[in-house]
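File shown: protein01.txt (compact mmCIF, C-alpha atoms and all ligand atoms).
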```txt
# COMPACT_ATOMS: atom_id res chain seq x y z
CA MET U 26 71.02 112.12 104.65
CA THR U 27 71.27 110.61 101.22
CA GLY U 28 68.28 108.30 101.04
CA ARG U 29 67.55 104.62 101.38
CA LEU U 30 70.54 102.32 101.21
CA ILE U 31 70.49 99.53 98.66
CA PRO U 32 70.36 96.21 100.55
CA ARG U 33 73.66 94.37 100.64
CA GLU U 34 73.89 91.86 97.83
CA ALA U 35 73.92 88.29 99.11
CA GLY U 36 77.03 86.18 98.57
CA ILE U 37 79.56 89.01 98.36
CA HIS U 38 80.54 89.45 102.01
CA PRO U 39 81.86 86.42 103.87
CA PRO U 40 79.49 84.57 106.17
CA LEU U 41 80.14 85.17 109.85
CA PHE U 42 80.61 81.51 110.79
CA THR U 43 83.62 80.14 108.88
CA PRO U 44 85.18 77.19 110.75
CA THR U 45 88.35 77.13 108.66
CA TYR U 46 89.05 80.57 110.14
CA LYS U 47 88.92 79.25 113.68
CA THR U 48 88.49 82.46 115.66
CA SER U 49 85.16 83.05 113.92
CA VAL U 50 83.68 79.93 115.53
CA LEU U 51 82.94 81.55 118.92
CA ARG U 52 82.60 85.08 117.59
CA SER U 53 79.78 84.60 115.09
CA PRO U 54 76.07 84.95 115.88
CA GLU U 55 73.98 81.80 115.52
CA ARG U 56 70.75 83.64 114.95
CA ALA U 57 69.98 85.20 111.59
CA LEU U 58 70.62 88.91 111.23
CA ILE U 59 67.42 90.95 111.23
CA SER U 60 66.98 92.64 107.85
CA PHE U 61 65.28 95.98 107.60
CA ASP U 62 65.10 99.00 105.32
CA SER U 63 67.50 101.73 106.34
CA SER U 64 66.35 104.64 108.50
CA PRO U 65 67.98 107.98 109.38
CA SER U 66 70.18 106.15 111.91
CA GLU U 67 71.92 104.29 109.06
CA GLU U 68 71.50 106.87 106.28
CA THR U 69 73.41 109.52 108.19
CA GLY U 70 76.97 109.03 109.35
CA PRO U 71 80.12 110.73 110.53
CA THR U 72 81.93 112.84 107.95
CA PHE U 73 85.58 113.72 108.00
CA GLY U 74 85.96 115.94 104.93
CA HIS U 75 86.66 118.96 107.14
CA MET U 76 89.41 117.15 109.07
CA LYS U 77 92.88 118.66 108.89
CA LEU U 78 95.31 115.92 107.95
CA GLY U 79 99.06 116.01 108.38
CA ALA U 80 101.13 116.28 105.22
CA LEU U 81 102.55 112.77 105.75
CA ASP U 82 99.39 111.05 106.96
CA ASN U 83 99.13 109.08 103.70
CA ASP U 84 102.87 108.52 103.36
CA LEU U 85 103.89 105.49 105.42
CA LEU U 86 107.39 105.63 103.94
CA LEU U 87 108.00 108.81 105.91
CA ASN U 88 105.35 109.29 108.60
CA TYR U 89 107.20 107.28 111.24
CA ALA U 90 110.72 107.60 109.85
CA ARG U 91 113.54 109.47 111.50
CA PRO U 92 114.51 112.65 109.66
CA GLY U 93 116.54 111.94 106.56
CA THR U 94 115.59 108.29 106.25
CA SER U 95 112.59 106.18 105.21
CA ALA U 96 111.04 102.79 105.85
CA ILE U 97 112.83 99.68 104.59
CA GLY U 98 111.20 97.60 101.88
CA GLU U 99 109.82 97.60 98.38
CA ARG U 100 108.51 101.13 97.78
CA ILE U 101 104.94 101.10 96.49
CA ILE U 102 102.08 103.45 95.70
CA VAL U 103 98.56 102.18 96.38
CA HIS U 104 95.91 104.27 94.70
CA GLY U 105 92.41 104.03 93.34
CA ARG U 106 88.92 105.42 93.61
CA LEU U 107 86.16 105.08 96.15
CA LEU U 108 82.87 104.49 94.37
CA ASP U 109 79.38 103.38 95.25
CA GLU U 110 77.62 100.55 93.50
CA ASN U 111 75.91 103.06 91.18
CA ASN U 112 79.41 103.92 89.91
CA ARG U 113 79.32 107.32 91.56
CA PRO U 114 82.51 108.61 93.18
CA ILE U 115 82.39 109.12 96.96
CA PRO U 116 84.29 112.34 97.70
CA ASN U 117 85.52 113.66 101.09
CA ALA U 118 85.49 110.21 102.66
CA LEU U 119 87.98 108.89 105.19
CA ILE U 120 90.17 105.89 104.33
CA GLU U 121 92.50 104.52 107.02
CA ILE U 122 95.05 101.75 106.51
CA TRP U 123 97.37 99.65 108.64
CA GLN U 124 99.86 96.96 107.73
CA ALA U 125 102.89 94.91 108.69
CA ASN U 126 106.36 96.07 107.70
CA ALA U 127 108.33 94.58 104.83
CA GLY U 128 109.34 91.64 107.03
CA GLY U 129 105.76 90.81 108.02
CA ARG U 130 105.99 92.28 111.53
CA TYR U 131 103.40 94.59 113.04
CA ARG U 132 104.24 97.43 115.39
CA HIS U 133 101.81 96.11 117.99
CA LYS U 134 102.42 94.88 121.51
CA LYS U 135 100.57 91.63 120.75
CA ASP U 136 102.72 90.72 117.72
CA GLY U 137 105.57 88.45 118.76
CA TYR U 138 106.71 87.30 115.30
CA LEU U 139 110.49 86.95 115.16
CA ALA U 140 110.88 89.21 112.13
CA ALA U 141 112.46 92.52 113.11
CA LEU U 142 110.67 95.79 113.65
CA ASP U 143 111.75 98.60 111.36
CA PRO U 144 112.53 101.66 113.50
CA ASP U 145 111.42 103.86 110.61
CA PHE U 146 108.06 102.23 109.95
CA GLY U 147 104.90 102.68 112.03
CA GLY U 148 102.39 101.02 109.74
CA CYS U 149 99.37 103.31 109.70
CA GLY U 150 98.08 105.98 107.37
CA ARG U 151 94.95 107.84 106.45
CA THR U 152 93.60 110.08 103.73
CA ILE U 153 90.45 111.80 102.51
CA THR U 154 89.15 111.05 99.02
CA GLY U 155 89.15 113.80 96.40
CA GLU U 156 86.15 115.15 94.49
CA ASP U 157 86.43 112.25 92.04
CA GLY U 158 86.72 109.68 94.84
CA SER U 159 90.44 109.25 94.26
CA TYR U 160 92.96 108.46 96.97
CA ALA U 161 96.61 107.42 97.21
CA PHE U 162 99.05 106.09 99.78
CA ARG U 163 102.78 105.59 99.60
CA THR U 164 104.20 102.74 101.67
CA VAL U 165 106.30 99.59 101.55
CA LYS U 166 104.94 96.27 100.36
CA PRO U 167 104.12 94.34 103.54
CA GLY U 168 105.65 90.90 104.08
CA ALA U 169 103.68 87.69 104.43
CA TYR U 170 103.52 86.48 108.03
CA PRO U 171 102.66 83.26 109.87
CA TRP U 172 99.69 82.98 112.21
CA PRO U 173 98.52 80.23 114.52
CA ASN U 174 95.25 79.29 112.83
CA GLY U 175 96.75 76.03 111.56
CA PRO U 176 100.15 74.40 112.04
CA ASN U 177 101.72 76.17 109.04
CA GLU U 178 99.52 79.02 107.93
CA TRP U 179 100.72 82.24 106.30
CA ARG U 180 98.81 85.37 105.52
CA PRO U 181 99.35 86.67 102.01
CA ALA U 182 100.81 90.17 101.85
CA HIS U 183 97.93 92.52 102.63
CA ILE U 184 97.01 96.03 103.70
CA HIS U 185 94.06 96.51 106.05
CA PHE U 186 91.57 99.14 104.91
CA SER U 187 88.93 100.96 106.97
CA ILE U 188 86.47 102.92 104.86
CA PHE U 189 83.70 105.37 105.63
CA GLY U 190 81.18 106.43 103.04
CA HIS U 191 78.73 109.15 104.02
CA SER U 192 76.32 106.85 105.89
CA PHE U 193 76.92 104.69 108.96
CA GLY U 194 75.31 101.84 107.01
CA GLN U 195 78.11 102.00 104.42
CA ARG U 196 80.87 101.37 106.96
CA LEU U 197 83.36 98.76 105.79
CA ILE U 198 86.61 97.16 106.92
CA SER U 199 88.51 94.94 104.51
CA GLN U 200 91.94 93.90 103.30
CA MET U 201 93.78 94.50 100.05
CA TYR U 202 95.89 91.74 98.50
CA PHE U 203 98.48 91.90 95.73
CA GLU U 204 98.23 90.55 92.21
CA GLY U 205 99.91 87.19 91.73
CA ASP U 206 100.33 86.20 95.38
CA PRO U 207 100.11 82.37 95.63
CA LEU U 208 99.20 82.60 99.33
CA ILE U 209 95.78 84.14 98.60
CA ALA U 210 94.42 80.78 97.45
CA ARG U 211 95.71 79.16 100.66
CA CYS U 212 94.54 81.80 103.11
CA PRO U 213 91.57 80.84 105.31
CA ILE U 214 90.70 84.52 105.82
CA ALA U 215 90.74 85.46 102.13
CA GLN U 216 88.85 82.25 101.41
CA THR U 217 85.99 83.20 103.75
CA ILE U 218 84.70 85.09 100.71
CA PRO U 219 82.54 82.58 98.86
CA ASP U 220 82.52 84.22 95.46
CA LYS U 221 85.68 84.16 93.32
CA ALA U 222 84.81 87.40 91.52
CA ALA U 223 84.21 89.11 94.87
CA LEU U 224 87.59 87.96 96.18
CA ASP U 225 89.21 89.24 92.97
CA ARG U 226 87.80 92.64 93.93
CA LEU U 227 90.26 92.64 96.87
CA VAL U 228 93.31 91.93 94.73
CA ALA U 229 95.07 95.10 93.64
CA ALA U 230 96.47 95.10 90.12
CA LEU U 231 99.99 96.10 89.18
CA ASP U 232 99.67 99.52 87.53
CA MET U 233 102.66 100.32 85.35
CA GLY U 234 101.01 103.55 84.21
CA GLU U 235 101.23 105.07 87.68
CA THR U 236 104.52 103.39 88.55
CA LYS U 237 107.25 105.97 89.04
CA PRO U 238 110.42 104.95 87.19
CA MET U 239 113.39 104.52 89.51
CA ASP U 240 111.14 105.21 92.51
CA ALA U 241 108.01 103.18 93.37
CA ILE U 242 105.78 100.45 91.89
CA ALA U 243 102.08 101.31 91.76
CA TYR U 244 99.10 99.09 92.53
CA ARG U 245 95.56 100.08 91.74
CA PHE U 246 92.79 99.29 94.21
CA ASP U 247 89.27 100.62 93.60
CA ILE U 248 86.81 100.28 96.46
CA VAL U 249 83.05 99.94 95.99
CA LEU U 250 80.61 100.62 98.84
CA ARG U 251 76.90 100.04 98.83
CA GLY U 252 74.92 102.90 97.34
CA HIS U 253 71.63 104.68 97.78
CA ARG U 254 68.48 103.95 95.87
CA GLN U 255 67.16 106.51 93.48
CA THR U 256 63.89 107.76 94.85
CA HIS U 257 61.44 106.85 92.08
CA PHE U 258 58.07 105.95 93.53
CA GLU U 259 59.36 105.75 97.09
CA ASN U 260 56.90 104.55 99.70
CA ARG U 261 57.65 104.45 103.37
CA PRO U 262 54.87 102.14 104.48
CA GLU U 263 55.96 101.71 108.05
CA GLY U 264 56.45 105.40 108.59
CA LEU U 265 60.25 105.26 108.39
CA MET I 30 70.24 89.02 75.25
CA VAL I 31 69.33 92.11 77.19
CA GLN I 32 70.92 95.48 77.69
CA LYS I 33 73.78 95.19 80.14
CA PHE I 34 74.15 97.60 82.97
CA ASP I 35 77.56 98.10 84.35
CA LYS I 36 77.14 97.42 88.04
CA PRO I 37 80.40 96.96 89.90
CA ILE I 38 80.89 94.21 92.47
CA LEU I 39 80.88 95.47 96.05
CA THR I 40 84.15 95.35 97.93
CA PRO I 41 83.72 92.39 100.28
CA SER I 42 84.46 92.67 103.97
CA GLN I 43 87.39 91.02 105.74
CA THR I 44 88.11 90.75 109.44
CA ALA I 45 89.84 93.69 111.09
CA GLY I 46 92.28 91.17 112.60
CA PRO I 47 94.20 91.39 115.87
CA TYR I 48 96.31 94.41 114.93
CA VAL I 49 93.45 96.76 114.12
CA HIS I 50 94.65 99.16 116.81
CA ILE I 51 97.65 100.19 114.73
CA GLY I 52 95.37 101.86 112.25
CA LEU I 53 92.35 102.84 114.30
CA ALA I 54 93.51 103.27 117.89
CA PRO I 55 97.31 103.53 117.72
CA GLU I 56 97.94 104.71 121.26
CA ALA I 57 96.20 101.60 122.59
CA CYS I 58 98.78 99.16 121.24
CA GLY I 59 102.11 100.52 122.35
CA ILE I 60 102.97 102.72 119.39
CA GLU I 61 105.02 105.62 120.67
CA ASP I 62 104.97 108.95 118.88
CA VAL I 63 101.76 108.05 117.09
CA PRO I 64 101.52 109.92 113.81
CA PHE I 65 97.92 110.88 114.65
CA GLU I 66 95.51 110.26 117.47
CA THR I 67 92.44 108.04 117.60
CA LEU I 68 89.30 109.53 116.08
CA GLY I 69 85.96 109.45 117.82
CA ARG I 70 87.19 110.13 121.34
CA GLU I 71 84.71 112.93 121.94
CA ILE I 72 81.14 112.09 121.02
CA ALA I 73 79.61 115.12 122.72
CA GLY I 74 81.72 118.11 123.72
CA PRO I 75 81.31 119.99 127.01
CA GLU I 76 78.93 122.45 125.35
CA ALA I 77 76.58 119.76 124.09
CA LYS I 78 72.95 120.02 125.17
CA GLY I 79 71.32 117.10 126.92
CA ASP I 80 71.83 114.70 129.82
CA ARG I 81 75.35 113.45 130.17
CA ILE I 82 75.59 109.67 130.42
CA LYS I 83 78.29 107.08 130.91
CA ILE I 84 78.12 103.66 129.28
CA THR I 85 80.17 100.61 130.20
CA CYS I 86 80.17 97.80 127.64
CA ARG I 87 81.64 94.42 127.07
CA VAL I 88 81.50 92.24 124.00
CA VAL I 89 81.30 88.57 125.03
CA ASP I 90 81.97 85.53 122.82
CA GLY I 91 80.13 82.19 122.69
CA GLY I 92 82.44 80.80 125.37
CA ASP I 93 81.50 83.60 127.77
CA LEU I 94 84.85 85.34 127.41
CA PRO I 95 84.95 89.11 126.95
CA LEU I 96 86.72 90.17 123.76
CA ARG I 97 89.81 92.10 124.70
CA ASP I 98 90.87 92.86 121.16
CA CYS I 99 87.69 94.32 119.69
CA LEU I 100 86.80 97.86 118.78
CA VAL I 101 83.38 99.42 118.92
CA GLU I 102 82.16 102.37 116.91
CA THR I 103 79.03 104.26 117.85
CA TRP I 104 76.81 106.72 116.02
CA GLN I 105 74.04 108.74 117.60
CA ALA I 106 71.83 111.80 117.32
CA ASP I 107 71.94 114.91 119.51
CA ALA I 108 69.57 115.52 122.42
CA ALA I 109 66.86 116.70 120.01
CA GLY I 110 67.13 113.55 117.90
CA ILE I 111 68.95 115.30 115.05
CA TYR I 112 71.99 113.61 113.54
CA PRO I 113 75.17 115.58 112.96
CA GLY I 114 75.13 116.82 109.38
CA GLN I 115 71.36 117.29 109.42
CA GLU I 116 69.86 120.74 109.60
CA GLY I 117 69.68 122.17 113.10
CA ALA I 118 72.05 119.63 114.67
CA ASP I 119 73.85 120.59 117.88
CA PRO I 120 77.33 121.68 116.71
CA ALA I 121 78.89 120.38 119.94
CA VAL I 122 77.87 116.80 119.13
CA SER I 123 80.10 114.81 116.76
CA GLY I 124 77.88 111.76 117.25
CA PHE I 125 80.72 109.38 116.44
CA GLY I 126 82.63 107.28 118.95
CA ARG I 127 85.44 104.78 118.46
CA MET I 128 86.61 102.80 121.48
CA PRO I 129 89.01 99.87 121.83
CA ALA I 130 88.28 97.30 124.53
CA ASP I 131 90.66 97.27 127.46
CA PHE I 132 93.42 94.75 126.77
CA THR I 133 93.00 93.19 130.23
CA THR I 134 89.32 93.44 131.13
CA GLY I 135 87.63 93.85 127.77
CA GLU I 136 85.69 96.82 129.13
CA ILE I 137 84.74 99.74 126.96
CA ILE I 138 83.72 102.87 128.85
CA PHE I 139 82.56 106.04 127.18
CA GLU I 140 80.70 109.24 127.95
CA THR I 141 78.22 111.04 125.80
CA ILE I 142 74.80 112.68 125.99
CA LYS I 143 71.55 110.79 125.74
CA PRO I 144 70.20 111.14 122.21
CA GLY I 145 66.63 112.21 121.55
CA ALA I 146 63.99 110.20 119.76
CA ILE I 147 64.49 110.17 116.00
CA ALA I 148 61.71 111.59 113.82
CA LEU I 149 60.52 109.33 111.03
CA SER I 150 58.11 110.35 108.28
CA GLY I 151 54.60 111.16 109.42
CA ASP I 152 54.51 111.71 113.16
CA ARG I 153 56.29 108.51 114.14
CA LYS I 154 59.47 108.38 116.11
CA THR I 155 62.12 105.83 116.91
CA PRO I 156 62.94 105.81 120.62
CA PRO I 157 66.40 107.10 121.62
CA HIS I 158 69.17 104.71 120.69
CA ILE I 159 72.85 104.53 119.91
CA SER I 160 73.99 102.50 116.89
CA PHE I 161 76.89 100.14 117.52
CA TRP I 162 79.28 98.61 115.01
CA ILE I 163 81.56 95.91 116.43
CA PHE I 164 84.65 94.56 114.75
CA ALA I 165 87.55 92.35 115.79
CA ARG I 166 89.67 89.37 114.91
CA GLY I 167 87.30 86.52 114.10
CA ILE I 168 84.46 88.79 112.98
CA ASN I 169 84.27 88.58 109.20
CA HIS I 170 81.87 91.47 108.78
CA GLY I 171 81.26 94.31 111.25
CA LEU I 172 78.28 93.56 113.49
CA HIS I 173 75.58 96.19 113.71
CA THR I 174 73.25 96.55 116.66
CA ARG I 175 71.54 99.27 118.69
CA MET I 176 71.50 100.16 122.34
CA TYR I 177 68.18 101.39 123.71
CA PHE I 178 67.51 102.86 127.17
CA PRO I 179 65.62 101.02 129.93
CA GLU I 180 63.55 104.07 130.92
CA ASP I 181 61.99 104.51 127.45
CA ASP I 182 58.82 103.10 125.93
CA LEU I 183 60.01 101.03 122.99
CA SER I 184 56.59 99.99 121.73
CA GLY I 185 56.40 102.43 118.78
CA ASP I 186 59.67 101.48 117.13
CA PRO I 187 59.02 100.00 113.66
CA LEU I 188 62.38 98.23 113.65
CA LEU I 189 61.76 96.50 116.98
CA ALA I 190 58.26 95.63 115.80
CA ARG I 191 59.95 93.47 113.17
CA ILE I 192 61.51 91.16 115.74
CA GLU I 193 59.39 88.06 116.03
CA HIS I 194 60.95 86.68 119.22
CA ARG I 195 59.95 89.51 121.53
CA ASP I 196 62.18 88.34 124.38
CA ARG I 197 65.21 89.17 122.23
CA ILE I 198 64.49 92.90 122.38
CA ALA I 199 65.87 92.96 125.92
CA THR I 200 69.31 92.11 124.49
CA MET I 201 69.42 95.63 123.03
CA VAL I 202 68.35 97.45 126.19
CA ALA I 203 71.05 98.76 128.52
CA GLU I 204 70.84 98.22 132.25
CA ALA I 205 70.72 101.31 134.48
CA THR I 206 73.48 101.05 137.08
CA GLY I 207 73.27 104.52 138.64
CA PRO I 208 72.20 108.06 137.82
CA GLY I 209 73.18 108.60 134.18
CA GLU I 210 75.10 105.32 134.15
CA TYR I 211 74.39 102.29 132.04
CA ARG I 212 75.81 98.88 131.37
CA PHE I 213 75.47 97.26 127.96
CA ASP I 214 76.78 93.77 127.29
CA ILE I 215 76.85 92.55 123.72
CA ARG I 216 76.69 88.75 123.41
CA LEU I 217 77.97 87.50 120.08
CA GLN I 218 76.64 83.96 120.36
CA GLY I 219 74.51 81.55 122.34
CA ALA I 220 72.20 82.23 125.28
CA GLY I 221 71.10 85.85 125.33
CA GLU I 222 72.66 86.48 121.93
CA THR I 223 72.31 90.16 121.01
CA VAL I 224 70.14 91.03 118.04
CA PHE I 225 72.27 92.05 115.07
CA PHE I 226 70.97 93.76 111.98
CA ASP I 227 71.48 93.78 108.27
CA ILE I 228 70.20 97.26 107.49
FE FE U 301 97.07 91.60 108.97
```
Take the structure from the file and write it as structure tokens.
Amino acid sequence: MTGRLIPREAGIHPPLFTPTYKTSVLRSPERALISFDSSPSEETGPTFGHMKLGALDNDLLLNYARPGTSAIGERIIVHGRLLDENNRPIPNALIEIWQANAGGRYRHKKDGYLAALDPDFGGCGRTITGEDGSYAFRTVKPGAYPWPNGPNEWRPAHIHFSIFGHSFGQRLISQMYFEGDPLIARCPIAQTIPDKAALDRLVAALDMGETKPMDAIAYRFDIVLRGHRQTHFENRPEGL
Amino acid sequence: MVQKFDKPILTPSQTAGPYVHIGLAPEACGIEDVPFETLGREIAGPEAKGDRIKITCRVVDGGDLPLRDCLVETWQADAAGIYPGQEGADPAVSGFGRMPADFTTGEIIFETIKPGAIALSGDRKTPPHISFWIFARGINHGLHTRMYFPEDDLSGDPLLARIEHRDRIATMVAEATGPGEYRFDIRLQGAGETVFFDI
């Protein structure tokens, strides 16, 4: 247990009811969420630092590819640090990702988009953050894809991220976008985030410093989870 | 002007979308030769102390349709009310579950042990419960609730004491359907809407 969680700042996360993203209309609670200080049930959480990962778990170029080949598409490195809102690194934390292939097609039985599957690309990866909170994946840049929210709607290129901190109350799922993508401004899902600066937080920056010449372009994506309060003058009036 | 403190902006949430299984439950979505298997399949191993229970859930939308594309994650204490990672926790309990809904029925069935009451400061306790986190296409931010047990006295729980509309507490209490078997329906919207938390 690492202490009381800092309440989520208002206006950063998207509201649950967002009619321009139509599926949210019937899947969003009407009643207000009940707010409460965290308790051991939220301050503890599953940890995965001990987990034995495969050597290619964070390498989507190779982890589904036939021997001697690799996934088709623009080769990229996505890297960054996992931090809490007190700017402290979160080490030994599990990050899982999934994405479409370079043509915008998912390896999923419910995806019927006419773009071709890549026999050498599965589309999932995972890693554990280092002592300094750092992580890295190697993959292909996913393609934009159409979806039936409106008559002509396209998702910007994105990678889905699932992130654990050290507390169940820090759990987060999000999406990473790419610098300069004109579809971000037109995407009803990206635009569920009310605050422009918060949406910018999801846009990975081109990182020439980490780009490998003649090999792969790097993007930097830092992730910030809620943190824990320092324990000055802590009262637990309701016995929590 | 004041001193500035350098507080980063939180990473905002986005929906898990319809293809969440690829990353978090790959064998559920038709991926052959999955690079790695789904985490959270064993919440309590065979050696775990406590009463073994089976829970059947559904997550239902505002149009009364079960979600067939959602995932649920659960987090719970061991039979003594100690969370994994805390001192003295039962090493056979991972406490973490991750279950995709059935693509046809929307049902989520899992087995675990009944957790104990959780000690709070002083001599207070929170009655046994399992934390749920629900995510899916159309859910912009994972929904957090708890499942309590129908046989327990819930009156001492400080969190439940916070709920003004007392009839809503029943939305977090599972129904006993047999010895060690429970049913827990989570209603996202409308009549009987489950209580969700921002904790
Ligand atoms: Fe997607």
Shortest interatomic distance to Gly252 (chain U) - which of U:Leu86, U:Ala35, U:Ile115, U:Ala127, counting all atoms listed in the file: U:Ile115
Produce as a short mmCIF file (atom, residue, chain, number, x, y, z; two decimals) with C-alpha atoms, keeping the file's coordinate frame the set of residues near ligand FE 301 (chain U), where near means within 12 Å with only C-alpha atoms and all ligand atoms considered.
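Resulting contents of pocket.cif:
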```
data_model
loop_
_atom_site.label_atom_id
_atom_site.label_comp_id
_atom_site.auth_asym_id
_atom_site.auth_seq_id
_atom_site.Cartn_x
_atom_site.Cartn_y
_atom_site.Cartn_z
CA ILE U 122 95.05 101.75 106.51
CA TRP U 123 97.37 99.65 108.64
CA GLN U 124 99.86 96.96 107.73
CA ALA U 125 102.89 94.91 108.69
CA ASN U 126 106.36 96.07 107.70
CA GLY U 129 105.76 90.81 108.02
CA ARG U 130 105.99 92.28 111.53
CA TYR U 131 103.40 94.59 113.04
CA ARG U 132 104.24 97.43 115.39
CA HIS U 133 101.81 96.11 117.99
CA ASP U 136 102.72 90.72 117.72
CA GLY U 148 102.39 101.02 109.74
CA CYS U 149 99.37 103.31 109.70
CA PRO U 167 104.12 94.34 103.54
CA GLY U 168 105.65 90.90 104.08
CA ALA U 169 103.68 87.69 104.43
CA TYR U 170 103.52 86.48 108.03
CA PRO U 171 102.66 83.26 109.87
CA TRP U 172 99.69 82.98 112.21
CA TRP U 179 100.72 82.24 106.30
CA ARG U 180 98.81 85.37 105.52
CA PRO U 181 99.35 86.67 102.01
CA ALA U 182 100.81 90.17 101.85
CA HIS U 183 97.93 92.52 102.63
CA ILE U 184 97.01 96.03 103.70
CA HIS U 185 94.06 96.51 106.05
CA PHE U 186 91.57 99.14 104.91
CA SER U 199 88.51 94.94 104.51
CA GLN U 200 91.94 93.90 103.30
CA MET U 201 93.78 94.50 100.05
CA TYR U 202 95.89 91.74 98.50
CA CYS U 212 94.54 81.80 103.11
CA ILE U 214 90.70 84.52 105.82
CA ALA U 215 90.74 85.46 102.13
CA GLN I 43 87.39 91.02 105.74
CA THR I 44 88.11 90.75 109.44
CA ALA I 45 89.84 93.69 111.09
CA GLY I 46 92.28 91.17 112.60
CA PRO I 47 94.20 91.39 115.87
CA TYR I 48 96.31 94.41 114.93
CA VAL I 49 93.45 96.76 114.12
CA HIS I 50 94.65 99.16 116.81
CA ILE I 51 97.65 100.19 114.73
CA GLY I 52 95.37 101.86 112.25
CA ALA I 165 87.55 92.35 115.79
CA ARG I 166 89.67 89.37 114.91
#
```
Determine, using all atoms listed in the file, which residues of chain U have any atom at most 6 Å from an atom of chain I, and tabulate each with its shortest atom pair and distance in Å to one decimal place, rows ordered by chain and then rising number, as a tab-separated table.
```
residue	atom	partner	partner_atom	distance
U:Ile37	CA	I:Pro41	CA	5.7
U:His38	CA	I:Pro41	CA	4.7
U:Leu41	CA	I:Asn169	CA	5.4
U:Thr48	CA	I:Gly167	CA	4.5
U:Ser49	CA	I:Gly167	CA	4.1
U:Leu51	CA	I:Gly91	CA	4.7
U:Arg52	CA	I:Asp90	CA	5.3
U:Pro54	CA	I:Gln218	CA	4.6
U:Glu55	CA	I:Gln218	CA	5.9
U:Leu58	CA	I:Phe226	CA	4.9
U:Ile59	CA	I:Phe226	CA	4.6
U:Ser60	CA	I:Asp227	CA	4.7
U:Phe61	CA	I:Ile228	CA	5.1
U:Asp62	CA	I:Ile228	CA	5.8
U:Ser63	CA	I:Ile228	CA	5.3
U:Glu110	CA	I:Pro37	CA	5.8
U:Ile122	CA	I:Gly52	CA	5.7
U:Trp123	CA	I:Gly52	CA	4.7
U:His133	CA	I:Cys58	CA	5.4
U:Lys134	CA	I:Cys58	CA	5.6
U:Cys149	CA	I:Gly52	CA	5.0
U:Ile198	CA	I:Ser42	CA	5.8
U:Ser199	CA	I:Gln43	CA	4.3
U:Gln200	CA	I:Gln43	CA	5.9
U:Ile248	CA	I:Thr40	CA	5.8
U:Val249	CA	I:Leu39	CA	5.0
U:Leu250	CA	I:Leu39	CA	5.9
U:Gly264	CA	I:Ser150	CA	5.2
U:Leu265	CA	I:Leu149	CA	4.9
```
Pick from U:Arg163, U:Asp240, U:His253, U:Gln216 nearest to Pro40 (chain U), counting all atoms listed in the file: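 Among the listed residues, U:Gln216 lies closest to Pro40 (chain U).
Using all atoms listed in the file, the shortest contact distance between Asp225 (chain U) and any of U:Phe246, U:Lys237, U:Lys166, U:Glu156 is found at U:Phe246.
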Point-to-point distance from CA of Thr69 (chain U) to CA of Asp107 (chain I), Å rounded to tenths: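 Taking CA of Thr69 (chain U) as the start and CA of Asp107 (chain I) as the end point, the length is 12.6 Å.
The interatomic distance for the pair CA of Ala130 (chain I) and CA of Pro144 (chain I) works out to 22.9 Å.
The smallest atom-to-atom distance between Phe146 (chain U) and any of U:Arg29, U:Arg91, U:Arg100, U:Lys47, using all atoms listed in the file, is found for U:Arg91.
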Shell around Ile101 (chain U) at 8 Å using all atoms listed in the file, local window under 6 positions removed, as a ChimeraX atom specification: /U:163-166,241-244
For Thr67 (chain I), the nearest of the candidates I:Pro120, I:Gly145, I:Pro129, I:Gly207, counting all atoms listed in the file: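 Closest candidate: I:Pro129.
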Two-atom distance - CA of Ser159 (chain U), CA of His75 (chain U) (Å):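 Answer for the CA of Ser159 (chain U) to CA of His75 (chain U) separation: 16.6 Å.
Restricting the calculation to all atoms listed in the file, the smallest distance between Glu99 (chain U) and any of U:Arg245, U:Thr152, U:Ala222, U:Met239 is found for U:Met239.
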Selection near Ile142 (chain I), 10 Å with only C-alpha atoms, sequence-local residues under 2 positions removed, as an NGL selection string: :I and (72-75 or 77-83 or 105-108 or 122 or 124 or 140 or 144-145 or 209)
